[in-house]
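As stored in my_file-v3.cif (mmCIF, C-alpha atoms):
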data_my_file
#
loop_
_atom_site.label_atom_id
_atom_site.label_comp_id
_atom_site.auth_asym_id
_atom_site.auth_seq_id
_atom_site.Cartn_x
_atom_site.Cartn_y
_atom_site.Cartn_z
CA MET A 1005 61.24 40.51 -44.89
CA GLY A 1006 57.68 41.45 -43.93
CA CYS A 1007 56.23 37.92 -43.73
CA GLY A 1008 52.95 37.06 -42.13
CA GLY A 1009 52.61 34.75 -39.18
CA GLU A 1010 51.30 31.67 -40.97
CA VAL A 1011 51.82 29.56 -44.02
CA PRO A 1012 49.82 30.67 -47.06
CA GLY A 1013 46.41 29.11 -47.24
CA ARG A 1014 43.65 28.89 -49.79
CA ARG A 1015 41.22 31.08 -47.85
CA PRO A 1016 40.40 34.38 -49.64
CA PRO A 1017 40.25 37.71 -47.79
CA ARG A 1018 37.07 38.65 -45.99
CA GLY A 1019 34.40 39.96 -48.28
CA GLN A 1020 35.84 38.32 -51.41
CA THR A 1021 35.16 35.01 -53.06
CA GLU A 1022 37.84 32.76 -54.42
CA PRO A 1023 37.82 32.55 -58.22
CA GLY A 1024 38.63 29.39 -60.09
CA PRO A 1025 42.24 28.66 -61.07
CA ARG A 1026 43.58 30.41 -64.15
CA GLY A 1027 46.44 28.01 -64.74
CA ALA A 1028 49.33 26.26 -63.12
CA ASP A 1029 51.21 29.52 -62.56
CA SER A 1030 48.31 31.49 -61.12
CA MET A 1031 47.89 32.05 -57.41
CA ASP A 1032 44.99 30.79 -55.36
CA SER A 1033 43.01 34.03 -55.27
CA ALA A 1034 43.62 37.02 -57.50
CA GLY A 1035 41.20 38.94 -55.31
CA ALA A 1036 43.67 38.66 -52.46
CA TRP A 1037 46.29 40.41 -54.58
CA ILE A 1038 43.86 43.21 -55.40
CA PHE A 1039 43.10 43.55 -51.71
CA LEU A 1040 46.79 43.86 -50.78
CA LEU A 1041 47.74 46.16 -53.63
CA SER A 1042 44.99 48.56 -52.66
CA LEU A 1043 46.54 49.10 -49.23
CA GLY A 1044 48.51 52.25 -48.55
CA ALA A 1045 46.89 54.53 -51.13
CA VAL A 1046 45.44 57.81 -49.87
CA GLY A 1047 42.67 59.77 -51.55
CA GLY A 1048 40.41 58.77 -54.44
CA GLN A 1049 39.47 55.26 -55.37
CA ASN A 1050 42.11 52.53 -55.40
CA ILE A 1051 42.10 50.28 -58.43
CA SER A 1052 44.25 47.17 -58.92
CA ALA A 1053 44.53 45.79 -62.43
CA ARG A 1054 46.29 42.70 -63.71
CA ILE A 1055 48.88 43.30 -66.41
CA GLY A 1056 47.61 42.47 -69.89
CA GLU A 1057 43.91 42.70 -69.01
CA PRO A 1058 41.46 45.52 -69.90
CA LEU A 1059 40.50 48.20 -67.38
CA LEU A 1060 37.34 50.33 -67.46
CA LEU A 1061 37.05 53.55 -65.40
CA ASN A 1062 33.69 55.28 -65.00
CA CYS A 1063 33.29 59.05 -65.03
CA LYS A 1064 30.83 59.92 -62.30
CA GLY A 1065 28.17 62.48 -63.11
CA ALA A 1066 28.74 62.33 -66.86
CA PRO A 1067 25.63 62.21 -69.10
CA ARG A 1068 25.24 58.82 -70.71
CA LYS A 1069 24.55 60.32 -74.10
CA PRO A 1070 26.02 63.29 -75.98
CA PRO A 1071 26.26 66.17 -75.72
CA GLN A 1072 28.68 65.64 -72.84
CA GLN A 1073 30.96 68.00 -71.02
CA LEU A 1074 33.79 65.87 -69.54
CA GLU A 1075 37.54 65.69 -69.51
CA TRP A 1076 39.88 62.82 -68.70
CA LYS A 1077 43.43 63.51 -67.53
CA LEU A 1078 46.11 61.08 -66.51
CA ASN A 1079 49.52 61.14 -64.91
CA THR A 1080 51.20 57.75 -65.37
CA GLY A 1081 54.48 56.20 -66.35
CA ARG A 1082 53.68 56.90 -69.97
CA THR A 1083 53.58 60.67 -69.43
CA GLU A 1084 55.96 63.11 -67.85
CA ALA A 1085 53.10 65.24 -66.51
CA TRP A 1086 49.33 65.50 -66.66
CA LYS A 1087 47.98 64.71 -70.09
CA VAL A 1088 44.46 65.13 -71.41
CA VAL A 1089 42.93 62.17 -73.17
CA ALA A 1090 41.49 63.59 -76.37
CA GLY A 1091 38.86 62.03 -78.54
CA GLN A 1092 39.47 59.67 -81.37
CA GLY A 1093 42.78 60.12 -83.11
CA GLY A 1094 44.61 61.49 -80.08
CA PRO A 1095 48.19 60.52 -79.14
CA LEU A 1096 46.97 58.30 -76.28
CA ASP A 1097 44.22 56.63 -78.30
CA SER A 1098 46.12 53.32 -78.46
CA VAL A 1099 46.53 53.33 -74.70
CA ALA A 1100 43.23 54.75 -73.48
CA ARG A 1101 40.10 56.00 -75.21
CA VAL A 1102 36.88 57.60 -74.06
CA LEU A 1103 33.73 55.58 -74.74
CA PRO A 1104 30.41 57.14 -75.80
CA ASN A 1105 29.04 56.79 -72.26
CA GLY A 1106 31.96 58.82 -70.87
CA SER A 1107 33.95 55.89 -69.43
CA LEU A 1108 37.67 55.50 -70.06
CA LEU A 1109 38.85 52.16 -71.48
CA LEU A 1110 42.40 50.83 -71.26
CA PRO A 1111 42.43 47.77 -73.62
CA SER A 1112 45.55 46.19 -72.13
CA VAL A 1113 46.98 47.46 -68.88
CA GLY A 1114 50.75 47.66 -68.62
CA ILE A 1115 53.28 48.60 -66.00
CA GLU A 1116 53.47 52.11 -67.50
CA ASP A 1117 49.78 52.64 -66.75
CA GLU A 1118 50.33 52.86 -63.02
CA GLY A 1119 49.39 56.34 -61.85
CA ILE A 1120 46.43 58.68 -61.32
CA PHE A 1121 43.39 59.12 -63.59
CA ARG A 1122 40.96 62.04 -63.15
CA CYS A 1123 37.66 62.83 -64.77
CA ARG A 1124 35.71 66.11 -64.55
CA ALA A 1125 32.14 66.03 -65.80
CA VAL A 1126 29.36 68.66 -65.97
CA ASN A 1127 25.81 67.45 -66.24
CA ARG A 1128 22.98 69.22 -68.06
CA ALA A 1129 22.07 71.09 -64.89
CA GLY A 1130 25.57 72.58 -64.75
CA ARG A 1131 26.69 70.54 -61.73
CA GLU A 1132 30.34 69.52 -61.79
CA THR A 1133 31.53 66.06 -60.59
CA LYS A 1134 35.11 64.89 -60.24
CA SER A 1135 36.39 61.31 -60.17
CA ASN A 1136 39.89 60.28 -59.05
CA TYR A 1137 41.44 56.84 -59.53
CA ARG A 1138 44.80 55.60 -58.30
CA VAL A 1139 45.69 52.62 -60.46
CA ARG A 1140 48.23 49.99 -59.46
CA VAL A 1141 49.07 46.98 -61.59
CA TYR A 1142 50.22 43.50 -60.62
CA GLN A 1143 51.34 40.27 -62.18
CA ILE A 1144 51.09 36.91 -60.49
CA PRO A 1145 54.51 35.21 -60.55
CA ARG A 1146 55.17 31.60 -61.21
CA LYS A 1147 54.97 29.24 -58.30
CA PRO A 1148 57.94 29.61 -55.94
CA GLU A 1149 60.56 26.92 -56.42
CA ILE A 1150 63.45 25.90 -54.18
CA LEU A 1151 66.62 25.33 -56.18
CA ASP A 1152 69.61 23.33 -54.93
CA PRO A 1153 67.62 21.96 -51.98
CA ALA A 1154 69.46 20.30 -49.13
CA SER A 1155 68.74 16.57 -49.21
CA GLU A 1156 70.32 16.02 -45.82
CA TRP A 1157 70.26 18.11 -42.68
CA GLY A 1158 73.48 17.45 -40.78
CA VAL A 1159 73.73 18.43 -37.13
CA PRO A 1160 77.35 19.04 -36.06
CA GLY A 1161 78.67 16.48 -33.65
CA LYS A 1162 81.08 18.82 -31.90
CA PRO A 1163 81.12 22.59 -31.33
CA GLY A 1164 82.43 24.57 -34.27
CA PRO A 1165 85.60 26.61 -34.52
CA PRO A 1166 86.17 29.68 -32.34
CA THR A 1167 84.33 31.81 -34.91
CA GLY A 1168 81.12 29.87 -34.24
CA PRO A 1169 79.23 26.84 -35.60
CA VAL A 1170 79.19 26.16 -39.31
CA PRO A 1171 75.89 27.13 -40.98
CA SER A 1172 74.10 24.91 -43.50
CA GLN A 1173 72.42 26.17 -46.66
CA VAL A 1174 68.83 24.99 -47.02
CA GLY A 1175 68.31 26.14 -50.61
CA THR A 1176 67.45 29.09 -52.83
CA CYS A 1177 63.81 30.08 -53.32
CA VAL A 1178 63.15 31.59 -56.75
CA VAL A 1179 60.04 33.63 -57.57
CA ASP A 1180 60.03 34.68 -61.22
CA GLY A 1181 57.75 36.85 -63.35
CA GLY A 1182 55.99 38.86 -60.65
CA TYR A 1183 55.11 42.50 -60.22
CA PRO A 1184 55.69 44.33 -57.95
CA ALA A 1185 58.94 42.83 -56.74
CA GLY A 1186 57.61 41.70 -53.36
CA ALA A 1187 59.57 39.52 -50.96
CA VAL A 1188 60.13 35.86 -50.07
CA CYS A 1189 59.17 34.31 -46.75
CA TRP A 1190 60.69 31.10 -45.41
CA HIS A 1191 58.81 28.61 -43.21
CA LEU A 1192 59.91 25.69 -41.06
CA ASN A 1193 57.26 23.12 -40.14
CA GLY A 1194 54.52 25.67 -40.81
CA LYS A 1195 56.06 28.53 -38.83
CA VAL A 1196 57.74 31.64 -40.22
CA LEU A 1197 61.53 31.72 -39.97
CA THR A 1198 62.65 35.18 -38.93
CA PRO A 1199 66.26 36.08 -39.78
CA ASP A 1200 68.18 36.98 -36.64
CA GLY A 1201 71.70 37.23 -38.04
CA LYS A 1202 72.86 34.38 -35.80
CA GLY A 1203 71.25 31.00 -36.34
CA THR A 1204 69.05 32.03 -39.28
CA SER A 1205 70.07 34.30 -42.14
CA VAL A 1206 68.58 35.14 -45.55
CA ARG A 1207 70.35 36.61 -48.56
CA GLU A 1208 67.89 38.06 -51.05
CA GLU A 1209 68.54 39.36 -54.56
CA THR A 1210 65.99 41.09 -56.80
CA ARG A 1211 66.45 41.54 -60.54
CA ARG A 1212 64.18 43.12 -63.12
CA ASP A 1213 63.76 41.96 -66.70
CA PRO A 1214 64.60 44.93 -68.95
CA GLU A 1215 62.09 43.83 -71.60
CA THR A 1216 59.01 42.82 -69.59
CA GLY A 1217 59.66 44.88 -66.47
CA LEU A 1218 58.79 41.84 -64.31
CA TYR A 1219 60.87 40.84 -61.29
CA ARG A 1220 62.82 37.78 -60.30
CA VAL A 1221 63.48 37.35 -56.59
CA GLU A 1222 66.07 34.87 -55.30
CA SER A 1223 66.25 34.20 -51.57
CA THR A 1224 68.88 31.90 -50.06
CA LEU A 1225 68.23 30.52 -46.57
CA THR A 1226 71.09 29.53 -44.27
CA VAL A 1227 70.47 28.00 -40.85
CA VAL A 1228 72.84 26.80 -38.15
CA PRO A 1229 71.73 23.26 -37.19
CA ALA A 1230 71.15 22.61 -33.51
CA ARG A 1231 71.18 19.33 -31.61
CA GLY A 1232 67.92 18.20 -30.14
CA GLY A 1233 65.77 19.85 -32.81
CA PRO A 1234 62.59 18.41 -34.34
CA PRO A 1235 63.06 14.91 -35.81
CA ARG A 1236 61.37 15.89 -39.08
CA LEU A 1237 61.96 19.09 -41.01
CA ALA A 1238 59.86 20.69 -43.76
CA PHE A 1239 61.19 23.90 -45.31
CA SER A 1240 59.00 25.93 -47.65
CA CYS A 1241 58.97 29.41 -49.14
CA SER A 1242 56.19 31.78 -50.10
CA TYR A 1243 55.81 35.12 -51.86
CA VAL A 1244 54.45 38.38 -50.45
CA PRO A 1245 53.54 41.00 -53.08
CA LEU A 1246 53.78 43.91 -50.62
CA PRO A 1247 56.27 43.33 -47.77
CA GLY A 1248 54.84 44.35 -44.44
CA HIS A 1249 51.17 43.95 -45.46
CA GLY A 1250 49.22 40.80 -44.65
CA ARG A 1251 50.29 37.21 -44.92
CA ALA A 1252 52.08 35.40 -47.72
CA LEU A 1253 49.77 34.49 -50.58
CA HIS A 1254 51.76 32.36 -52.98
CA SER A 1255 53.55 29.25 -51.68
CA GLY A 1256 55.74 26.56 -53.16
CA SER A 1257 56.19 22.89 -52.44
CA PRO A 1258 58.15 22.09 -49.25
CA ILE A 1259 61.41 20.17 -49.10
CA ARG A 1260 61.99 17.56 -46.41
CA PRO A 1261 65.68 16.86 -45.89
CA SER A 1262 66.62 13.83 -43.83
CA VAL A 1263 68.03 14.72 -40.43
CA TRP A 1264 71.45 13.34 -39.56
CA GLU A 1265 72.83 13.78 -36.06
CA PRO A 1266 76.16 11.97 -35.59
CA LEU A 1267 76.81 9.67 -32.67
CA GLN A 1268 78.88 11.37 -29.98
CA GLU A 1269 78.63 9.42 -26.75
CA VAL A 1270 77.04 6.40 -25.09
CA ARG A 1271 75.66 6.46 -21.55
CA LEU A 1272 75.16 3.16 -19.70
CA THR A 1273 73.27 3.00 -16.41
CA MET A 1274 72.50 0.10 -14.07
CA ARG A 1275 69.60 -0.46 -11.69
CA PRO A 1276 70.10 -1.11 -8.80
CA GLU A 1277 72.96 1.37 -8.63
CA GLY A 1278 76.38 0.73 -7.16
CA GLY A 1279 77.52 -2.20 -9.30
CA SER A 1280 77.09 -4.78 -6.49
CA VAL A 1281 73.90 -6.78 -5.98
CA GLY A 1282 72.86 -9.78 -3.96
CA ALA A 1283 72.49 -13.18 -5.57
CA GLY A 1284 68.98 -13.74 -6.89
CA GLU A 1285 68.23 -10.06 -7.54
CA ASP A 1286 67.15 -8.62 -10.91
CA VAL A 1287 69.48 -6.18 -12.72
CA THR A 1288 68.49 -3.77 -15.54
CA LEU A 1289 71.07 -2.15 -17.85
CA THR A 1290 69.95 0.84 -19.96
CA CYS A 1291 71.99 2.17 -22.90
CA GLU A 1292 71.44 5.72 -24.22
CA ALA A 1293 73.05 6.73 -27.54
CA PRO A 1294 71.54 9.99 -28.88
CA ALA A 1295 71.87 10.18 -32.66
CA ARG A 1296 69.69 10.41 -35.77
CA PRO A 1297 68.94 8.05 -37.31
CA PRO A 1298 69.05 5.84 -34.19
CA PRO A 1299 72.28 3.80 -34.04
CA ARG A 1300 72.51 0.01 -33.94
CA LEU A 1301 73.16 -1.41 -30.46
CA HIS A 1302 74.68 -4.71 -29.31
CA TRP A 1303 75.94 -6.03 -25.95
CA LEU A 1304 79.22 -7.55 -24.75
CA LYS A 1305 80.12 -9.39 -21.54
CA ASP A 1306 83.79 -9.44 -20.64
CA GLY A 1307 84.57 -8.52 -24.26
CA SER A 1308 82.55 -11.34 -25.84
CA PRO A 1309 79.22 -10.93 -27.69
CA LEU A 1310 76.27 -11.54 -25.45
CA GLU A 1311 73.35 -13.62 -26.65
CA ALA A 1312 70.71 -10.98 -26.13
CA PRO A 1313 68.26 -9.25 -28.49
CA PRO A 1314 69.60 -5.91 -29.79
CA GLY A 1315 68.06 -3.00 -28.00
CA PRO A 1316 68.69 -0.27 -25.45
CA VAL A 1317 67.63 -2.37 -22.41
CA LEU A 1318 69.27 -5.54 -21.09
CA LEU A 1319 67.45 -7.41 -18.28
CA LEU A 1320 69.31 -9.89 -16.06
CA ALA A 1321 66.85 -11.87 -13.96
CA ALA A 1322 67.88 -13.55 -10.67
CA VAL A 1323 71.60 -13.03 -11.17
CA GLY A 1324 74.09 -15.60 -9.92
CA PRO A 1325 77.87 -15.70 -9.56
CA GLU A 1326 78.31 -16.75 -13.19
CA GLN A 1327 76.71 -13.47 -14.35
CA ALA A 1328 79.22 -11.23 -12.61
CA GLY A 1329 81.57 -9.36 -14.93
CA THR A 1330 81.88 -6.31 -17.20
CA TYR A 1331 78.97 -5.43 -19.48
CA THR A 1332 79.49 -3.16 -22.50
CA CYS A 1333 76.99 -1.42 -24.77
CA VAL A 1334 78.36 -0.78 -28.28
CA ALA A 1335 76.56 1.72 -30.57
CA THR A 1336 77.24 1.97 -34.32
CA GLY A 1337 76.18 5.19 -36.09
CA ARG A 1338 75.14 5.70 -39.70
CA ASP A 1339 78.71 6.59 -40.63
CA GLN A 1340 79.91 3.28 -39.04
CA ASN A 1341 81.44 5.28 -36.21
CA GLN A 1342 81.31 3.30 -32.95
CA ARG A 1343 81.02 4.45 -29.35
CA GLU A 1344 80.78 2.26 -26.24
CA SER A 1345 80.28 2.40 -22.50
CA SER A 1346 80.92 -0.27 -19.83
CA VAL A 1347 79.83 -1.04 -16.30
CA GLY A 1348 80.98 -3.70 -13.83
CA LEU A 1349 78.64 -6.10 -11.98
CA SER A 1350 79.57 -8.05 -8.84
CA VAL A 1351 77.28 -10.59 -7.13
CA ARG A 1352 77.21 -11.13 -3.34
CA LEU A 1353 76.67 -14.79 -2.28
CA THR A 1354 74.84 -14.05 0.99
CA GLY A 1355 71.77 -16.28 1.17
CA TRP A 1356 72.57 -17.93 -2.17
CA CYS A 1357 70.86 -21.31 -2.58
CA GLY A 1358 72.52 -22.38 -5.79
CA PRO A 1359 71.96 -21.89 -9.47
CA SER A 1360 68.71 -23.87 -9.33
CA SER A 1361 67.10 -21.35 -7.03
CA VAL A 1362 64.69 -18.98 -8.71
CA GLY A 1363 63.62 -15.84 -7.04
CA GLY A 1364 66.32 -15.75 -4.31
CA ARG A 1365 64.68 -14.18 -1.30
CA THR A 1366 61.27 -15.41 -2.35
CA LEU A 1367 62.35 -19.06 -2.22
CA GLN A 1368 64.08 -18.51 1.12
CA THR A 1369 60.89 -17.12 2.57
CA LEU A 1370 58.90 -20.00 1.08
CA ALA A 1371 61.29 -22.56 2.59
CA LEU A 1372 61.00 -20.91 6.00
CA VAL A 1373 57.23 -21.02 5.86
CA LEU A 1374 57.22 -24.67 4.80
CA GLY A 1375 59.63 -25.50 7.62
CA VAL A 1376 57.40 -23.85 10.19
CA LEU A 1377 54.37 -25.62 8.81
CA GLY A 1378 56.23 -28.97 8.91
CA ALA A 1379 57.26 -28.44 12.54
CA LEU A 1380 53.72 -27.56 13.51
CA GLY A 1381 52.46 -30.70 11.72
CA ALA A 1382 54.97 -32.89 13.53
CA MET A 1383 54.04 -31.41 16.90
CA ALA A 1384 50.37 -32.00 16.16
CA LEU A 1385 51.10 -35.63 15.25
CA VAL A 1386 53.06 -36.25 18.46
CA ALA A 1387 50.32 -34.66 20.54
CA GLY A 1388 47.74 -36.88 18.86
CA ILE A 1389 49.72 -40.03 19.61
CA VAL A 1390 50.13 -39.04 23.26
CA LEU A 1391 46.45 -38.34 23.64
CA TRP A 1392 45.56 -41.61 21.96
CA ARG A 1393 47.78 -43.66 24.32
CA ARG A 1394 46.47 -41.86 27.39
CA ARG A 1395 42.92 -42.58 26.36
CA ARG A 1396 43.67 -46.22 25.82
CA ARG A 1397 45.27 -46.52 29.27
CA GLN A 1398 42.20 -45.01 30.89
CA LEU A 1399 39.98 -47.52 29.16
CA GLY A 1400 42.17 -50.34 30.45
CA GLU A 1401 41.91 -49.21 34.08
CA GLU A 1402 38.13 -49.12 33.89
CA ARG A 1403 38.07 -52.85 32.99
CA LYS A 1404 40.30 -54.05 35.91
CA PRO A 1405 37.82 -53.95 38.97
CA PRO A 1406 35.57 -56.85 37.79
CA GLU A 1407 38.57 -59.18 37.37
CA SER A 1408 39.93 -58.46 40.87
CA GLN A 1409 36.51 -59.12 42.41
CA GLU A 1410 36.35 -62.57 40.83
CA GLU A 1411 39.79 -63.37 42.22
CA GLU A 1412 38.70 -62.42 45.75
CA GLU A 1413 35.60 -64.62 45.47
CA ARG A 1414 37.75 -67.47 44.32
CA ALA A 1415 40.08 -66.93 47.26
CA GLU A 1416 37.23 -67.06 49.74
CA LEU A 1417 35.92 -70.31 48.23
CA ASN A 1418 39.32 -71.90 48.45
CA GLN A 1419 39.95 -70.86 52.11
CA PRO A 1420 37.58 -73.43 53.89
CA GLU A 1421 39.13 -76.27 51.99
CA SER A 1422 42.50 -75.21 53.25
CA GLU A 1423 41.34 -75.04 56.83
CA GLU A 1424 39.83 -78.54 56.66
CA ALA A 1425 43.04 -79.94 55.34
CA GLU A 1426 44.98 -78.39 58.20
CA SER A 1427 42.57 -79.70 60.91
CA SER A 1428 42.46 -83.31 59.68
CA PRO A 1429 45.98 -84.39 60.81
CA GLY A 1430 45.36 -83.12 64.31
CA GLN A 1431 42.52 -85.36 64.85
#

Is it possible to give me this structure as structure tokens?
Amino acid sequence: MGCGGEVPGRRPPRGQTEPGPRGADSMDSAGAWIFLLSLGAVGGQNISARIGEPLLLNCKGAPRKPPQQLEWKLNTGRTEAWKVVAGQGGPLDSVARVLPNGSLLLPSVGIEDEGIFRCRAVNRAGRETKSNYRVRVYQIPRKPEILDPASEWGVPGKPGPPTGPVPSQVGTCVVDGGYPAGAVCWHLNGKVLTPDGKGTSVREETRRDPETGLYRVESTLTVVPARGGPPRLAFSCSYVPLPGHGRALHSGSPIRPSVWEPLQEVRLTMRPEGGSVGAGEDVTLTCEAPARPPPRLHWLKDGSPLEAPPGPVLLLAAVGPEQAGTYTCVATGRDQNQRESSVGLSVRLTGWCGPSSVGGRTLQTLALVLGVLGALGAMALVAGIVLWRRRRRQLGEERKPPESQEEEERAELNQPESEEAESSPGQ
């Protein structure tokens, strides 16, 4: 196919400036066409001329004024061999004529004017000069257009028959009214699609208009869709005037088919793994349903709809016995085809403090800490009471000696009176 490695741009070749647009059907830079069409010619000077426009060839070394000794010969599609361009009234006068300054003028270049032009001139000093021109003509085609474009890009849900997967036709790129015939390049997301005969194939047909001689190129692209490809596709085609030389220069508008990848399977995973968790733990269920566009998801518990927001993740916080059961993720594809996957959840009651507990192990730890702190507070209170009573008893003992001393003094004072009472009867 001879395509370049990038999508056509608006940058002209080095050393040339980009002219203004000539119309809706003109390419970005006619100079780029001249640059490409001049490749491959050997010997002489290469000239590229647009069909329908005038072409002027200079005869080097010819005197600007008569008398002149020069001769123009040409070998083109209009002649079977070399022909000499005579002066006025010659057979080729309507095609090419020699001007007074020795130049050769072609008023309107056609496809038949492709060929070689030679001029031999002798100046007044007798020195001979020869000029050779290899002329190639071109016509800018209309903008490439993709006919019968694919509006939807369907990826097969299951492997194809034994002969291989079924290919899908992207469209037919038509380039009309160009010369030379050239070739069509296909691009996917800005990169050139190279036919490999397996996943990508191109069928190209070239036809020539018998009246104008211009070409019409039709290129049909067929690609085998693959799962897991880019989510967005942009196919475009471009035109290369000379296959194998340079990049594509004339591009059309891309088509962007919607990608459809049918739903095949649903994968449901649970964290923590194993299906059995302790009461109070958090459980996360993740549902994977690869398809494009993304399918709709909803959740079931023991076959009944679960009051949970639709989405691929279901979070069960601090599970209890009432949350044990079978959880199912149901995916509905664009074609209303449904797939589902289930997983069982059992809850162990070890260390369970009831439905009102929140956090499970965290509350157990908190209760243990509070219990230890309460025991330490009670012990501190008992120790304070004991110390307070002991202190009070010590204060009481310090006050007793003065009272006992007064009692002894009283006893001594009462003793003489007793003795006198005992001695009085004896007398």

Calculate how many Å separate atom CA of A:Leu1320 from atom CA of A:Ala1335, rounding to one decimal.
-> 19.9 Å

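The two atoms in question, atom CA of A:Pro1111 and atom CA of A:Leu1061, are spaced 11.4 Å apart.
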
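Taking atom CA of A:Thr1204 and atom CA of A:Trp1190 as endpoints, the distance between them is 10.4 Å.
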
With distances taken over all atoms listed in the file, which of A:Phe1239, A:Tyr1219, A:Trp1264, A:Trp1392 is nearest to A:Val1179?
->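 Going through A:Phe1239, A:Tyr1219, A:Trp1264, A:Trp1392 one by one, the smallest distance to A:Val1179 is for A:Tyr1219.
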
Spatial neighbours of stretch 1342-1345 of chain A, max dist 12 Å, only C-alpha atoms, sep filter under 6 positions, as a VMD selection string | chain A and resid 1266 to 1274 1289 to 1295 1299 to 1305 1307 1330 to 1336

Hey, which of A:Ile1115, A:Lys1087, A:Leu1074, A:Arg1082 ends up closest to A:Arg1054? Count all atoms listed in the file.
-> A:Ile1115

Excluding stretch 1108-1110 of chain A and any residue of its chain fewer than 3 positions from it, enumerate the residues within 6 Å of it, using only C-alpha atoms, and give them as JSON, numbers by chain.
-> {"A": [1058, 1059, 1060, 1061, 1099, 1100, 1101, 1102]}

Minimum-distance residue to A:Leu1318, chosen among A:Ala1230, A:Val1221, A:Val1287, A:Leu1096 (using all atoms listed in the file) |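 Checking each of A:Ala1230, A:Val1221, A:Val1287, A:Leu1096 against A:Leu1318, counting all atoms listed in the file, the winner is A:Val1287.
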
Would you translate the PyMOL selection byres ((chain A and resi 1089) around 6) into the concrete set of residues it matches in this file, as a PyMOL selection string?
-> chain A and resi 1076-1077+1088+1090

Could you write out as a VMD selection string the residues that the PyMOL selection byres ((chain A and resi 1120) around 9) matches in the shown file?
-> chain A and resid 1077 to 1080 1117 to 1119 1121 to 1122 1136 to 1139

Between A:Asp1213, A:Asp1200, A:Asp1152, A:Asp1339, smallest distance to A:Tyr1183 by only C-alpha atoms belongs to A:Asp1213

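Using the PyMOL selection byres ((chain A and resi 1176) around 8) on this structure selects Ile1150, Leu1151, Asp1152, Pro1153, Val1174, Gly1175, Cys1177, Val1178, Glu1222, Ser1223, Thr1224 and Leu1225 of chain A.
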
Out of A:Ser1155, A:Gln1143, A:Thr1226, A:Ser1240, which residue has the shortest atom-to-atom distance to A:Leu1192 when counting all atoms listed in the file?
->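 When distances to A:Leu1192 are compared using all atoms listed in the file, the smallest one comes from A:Ser1240.
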
Contacts of A:Cys1063 within 7 Å, all atoms listed in the file, excl. fewer than 2 positions in-chain, as a ChimeraX atom specification | /A:1061,1065-1066,1106-1107,1123,1135

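Among the candidate residues A:Ala1238, A:Val1126, A:Ile1144, A:Leu1103, the one lying nearest to A:Ala1053 is A:Ile1144, with distances computed using all atoms listed in the file.
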